[in-house]
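Undergrad: Below is the structure I would like to discuss, written out as structure tokens.
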Amino acid sequence: SLNHNRDVDHIHGNGINTLQIWPGLHSGILSGGSNGVIMIYDLENNSKKPQYTCKAICTVGPVGIYIKFSIETVQWYPHDTGLFVSSSFDKTMKVWDTETLKPAEEFQFDGNVYCHHMSHIARKHTLLFSVLAVGTKDPKVQLCDLKSGWRIHILQGDTDSRNRVWDVKRASGSLFTLDQHNGDKSKASSEAVNTPHNGRVNGLLLLTTGTDDRMRLWNSATGENTLVNYGNESRKGLKFTISRGCSPEFVFVPCGSSVAVYGLHSGDLITMLRGHYNNEDCCEFHPDYQELYSGGKDCNVLAWVPGGAQAVINPAFEDAWSSGED
């Protein structure tokens, strides 16, 4: 349900396309808007009062200074908050210095950048992001080195609407293709998985959405469809998220002006979170506080907590200091 003790500054003047949280004791959340503005909010309750507002601590923009078009994806550098990355319809992907709020590196492309992703476990500063040109069928996925600013190589796909799994250390060909019919060729012509899609990998499973209004859960080792039925709630361009530290696990999917909550492994619709006044486009889960944040075309960022107004806090982040002599 909505967290009535926590508000987020209403700063965005246009719809919010993407959110990304820096987890930990000093949490910050990035938001990217359809007018090219990036905001950074401080999620920490410095007031020590039950009710408080998460303040916007800085803004990148306004439109026309560094970013000219809609921000599609934002992401913190996984190892510290000194850098963050944005990709945009201005055909660029920018690496930002958080202290100066100016680009430290910029990558130019031939078409709009719909999404990018940085590995959270990679030892090298490597970015993986896909570039799709508007009005074309460009299937290239490009790898760029954040440290050198070079494009390492290109993963060359095709335009047959397939989901491919790649070994990023080599570009000779994909490892395998995700098979929604699990080898049943008789169904291949009647239904196809469309792209683009996004997902989260936990090492065993991969969750994707497509423009066929379907969400699917895959065995990432074999490429087989697990056949979990989530219904037909997804749509192109949404940013869904998965819970962490919950049992069972949930997936939160934007659905109109609501957030649909599904059981990850069962596909059952658990509930619909209603609070936005317009389409909800993105959501992000905070594992340390078991909170969900959502953003939409109504320009609001909303905070949600399980079961009531009080968040369930990881004991490691609770203040255990005592002033008593004992």
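We name chains A, B, ... following the order of the structure tokens; residues begin at 1 in each chain, and ligands are numbered from 1 as shown.
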Can you pull out the residues contacting Gln75 (chain A)? Cut-off 8 Å, using only C-alpha atoms, and skip same-chain residues under 4 positions away; I want them as a PyMOL selection string.
TA: chain A and resi 20+30+84-86+117-118
Undergrad: Given the selection you just returned, output its residues as a file containing N, CA and C atoms, formatted as a short mmCIF file (atom, residue, chain, number, x, y, z; two decimals), in the first residue's frame.
TA:
```
data_model
loop_
_atom_site.label_atom_id
_atom_site.label_comp_id
_atom_site.auth_asym_id
_atom_site.auth_seq_id
_atom_site.Cartn_x
_atom_site.Cartn_y
_atom_site.Cartn_z
N GLN A 20 16.07 4.47 -10.61
CA GLN A 20 17.11 3.52 -10.19
C GLN A 20 17.63 3.92 -8.83
N LEU A 30 17.74 7.86 -8.60
CA LEU A 30 17.81 8.59 -9.86
C LEU A 30 16.47 8.49 -10.56
N PHE A 84 27.06 8.19 -12.55
CA PHE A 84 25.83 7.55 -13.00
C PHE A 84 25.75 7.70 -14.52
N VAL A 85 24.89 6.90 -15.13
CA VAL A 85 24.83 6.81 -16.58
C VAL A 85 23.41 7.04 -17.04
N SER A 86 23.25 7.76 -18.15
CA SER A 86 21.93 7.98 -18.73
C SER A 86 21.98 7.70 -20.23
N HIS A 117 22.67 -1.08 -19.91
CA HIS A 117 22.77 -1.81 -18.63
C HIS A 117 24.23 -2.03 -18.28
N MET A 118 24.56 -1.86 -16.99
CA MET A 118 25.88 -2.13 -16.44
C MET A 118 25.81 -3.33 -15.53
#
```
Undergrad: Residues of region 48-102 of chain A in strand (DSSP E or B) according to DSSP, as a list in words?
TA: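 Checking each residue of region 48-102 of chain A, the strand (DSSP E or B) ones are Tyr52, Thr53, Cys54, Ala56, Ile57, Cys58, Thr59, Val60, Ile71, Glu72, Thr73, Val74, Gln75, Trp76, Leu83, Phe84, Val85, Ser86, Ser87, Ser88, Thr92, Met93, Lys94, Val95, Trp96, Asp97 and Lys102 of chain A.
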Undergrad: From the set A:Val259, A:Cys115, A:Ile29, A:Leu264, which residue has the shortest atom-to-atom contact distance to Leu205 (chain A), counting only C-alpha atoms?
TA: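 Ranked by minimum distance to Leu205 (chain A), first place goes to A:Leu264.
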Undergrad: Would you mind listing what lies within 12 Å of Asp268 (chain A) as a ChimeraX atom specification, with only C-alpha atoms counted and same-chain residues fewer than 6 positions away left out?
TA: /A:228-231,248-252,260-262
Undergrad: Would you save the residues of that selection, restricted to N, CA and C atoms, as a PDB file, in the first residue's frame?
TA:
```pdb
ATOM      1  N   VAL A 228       5.261 -20.044 -17.124  1.00  0.00           N
ATOM      2  CA  VAL A 228       4.510 -19.312 -16.100  1.00  0.00           C
ATOM      3  C   VAL A 228       3.622 -18.292 -16.809  1.00  0.00           C
ATOM      4  N   ASN A 229       2.342 -18.270 -16.478  1.00  0.00           N
ATOM      5  CA  ASN A 229       1.378 -17.397 -17.144  1.00  0.00           C
ATOM      6  C   ASN A 229       1.101 -16.178 -16.275  1.00  0.00           C
ATOM      7  N   TYR A 230       1.575 -15.008 -16.723  1.00  0.00           N
ATOM      8  CA  TYR A 230       1.327 -13.760 -16.007  1.00  0.00           C
ATOM      9  C   TYR A 230       0.147 -12.987 -16.594  1.00  0.00           C
ATOM     10  N   GLY A 231      -0.561 -13.550 -17.566  1.00  0.00           N
ATOM     11  CA  GLY A 231      -1.615 -12.805 -18.231  1.00  0.00           C
ATOM     12  C   GLY A 231      -1.036 -11.930 -19.319  1.00  0.00           C
ATOM     13  N   PRO A 248       7.439 -15.627  -0.703  1.00  0.00           N
ATOM     14  CA  PRO A 248       7.968 -15.827  -2.051  1.00  0.00           C
ATOM     15  C   PRO A 248       8.372 -14.503  -2.704  1.00  0.00           C
ATOM     16  N   GLU A 249       8.979 -14.599  -3.887  1.00  0.00           N
ATOM     17  CA  GLU A 249       9.405 -13.414  -4.626  1.00  0.00           C
ATOM     18  C   GLU A 249       8.261 -12.880  -5.478  1.00  0.00           C
ATOM     19  N   PHE A 250       8.286 -11.564  -5.721  1.00  0.00           N
ATOM     20  CA  PHE A 250       7.235 -10.908  -6.495  1.00  0.00           C
ATOM     21  C   PHE A 250       7.849 -10.143  -7.663  1.00  0.00           C
ATOM     22  N   VAL A 251       7.047  -9.923  -8.687  1.00  0.00           N
ATOM     23  CA  VAL A 251       7.433  -9.053  -9.794  1.00  0.00           C
ATOM     24  C   VAL A 251       6.403  -7.937  -9.867  1.00  0.00           C
ATOM     25  N   PHE A 252       6.894  -6.699  -9.992  1.00  0.00           N
ATOM     26  CA  PHE A 252       6.046  -5.511 -10.028  1.00  0.00           C
ATOM     27  C   PHE A 252       6.076  -4.953 -11.448  1.00  0.00           C
ATOM     28  N   ALA A 260       0.872  -3.827 -11.232  1.00  0.00           N
ATOM     29  CA  ALA A 260       0.416  -5.198 -11.011  1.00  0.00           C
ATOM     30  C   ALA A 260       1.494  -5.963 -10.258  1.00  0.00           C
ATOM     31  N   VAL A 261       1.111  -6.679  -9.213  1.00  0.00           N
ATOM     32  CA  VAL A 261       2.038  -7.470  -8.402  1.00  0.00           C
ATOM     33  C   VAL A 261       1.734  -8.943  -8.648  1.00  0.00           C
ATOM     34  N   TYR A 262       2.715  -9.671  -9.208  1.00  0.00           N
ATOM     35  CA  TYR A 262       2.554 -11.090  -9.514  1.00  0.00           C
ATOM     36  C   TYR A 262       3.485 -11.924  -8.638  1.00  0.00           C
TER      37      TYR A 262
END
```
Undergrad: Can you tell me, as a VMD selection string, what residues are no more than 12 Å from Asp9 (chain A) when counting only C-alpha atoms, ignoring any on the same chain fewer than 6 positions away?
TA: chain A and resid 29 31 39 to 43 52 to 58 299 to 303
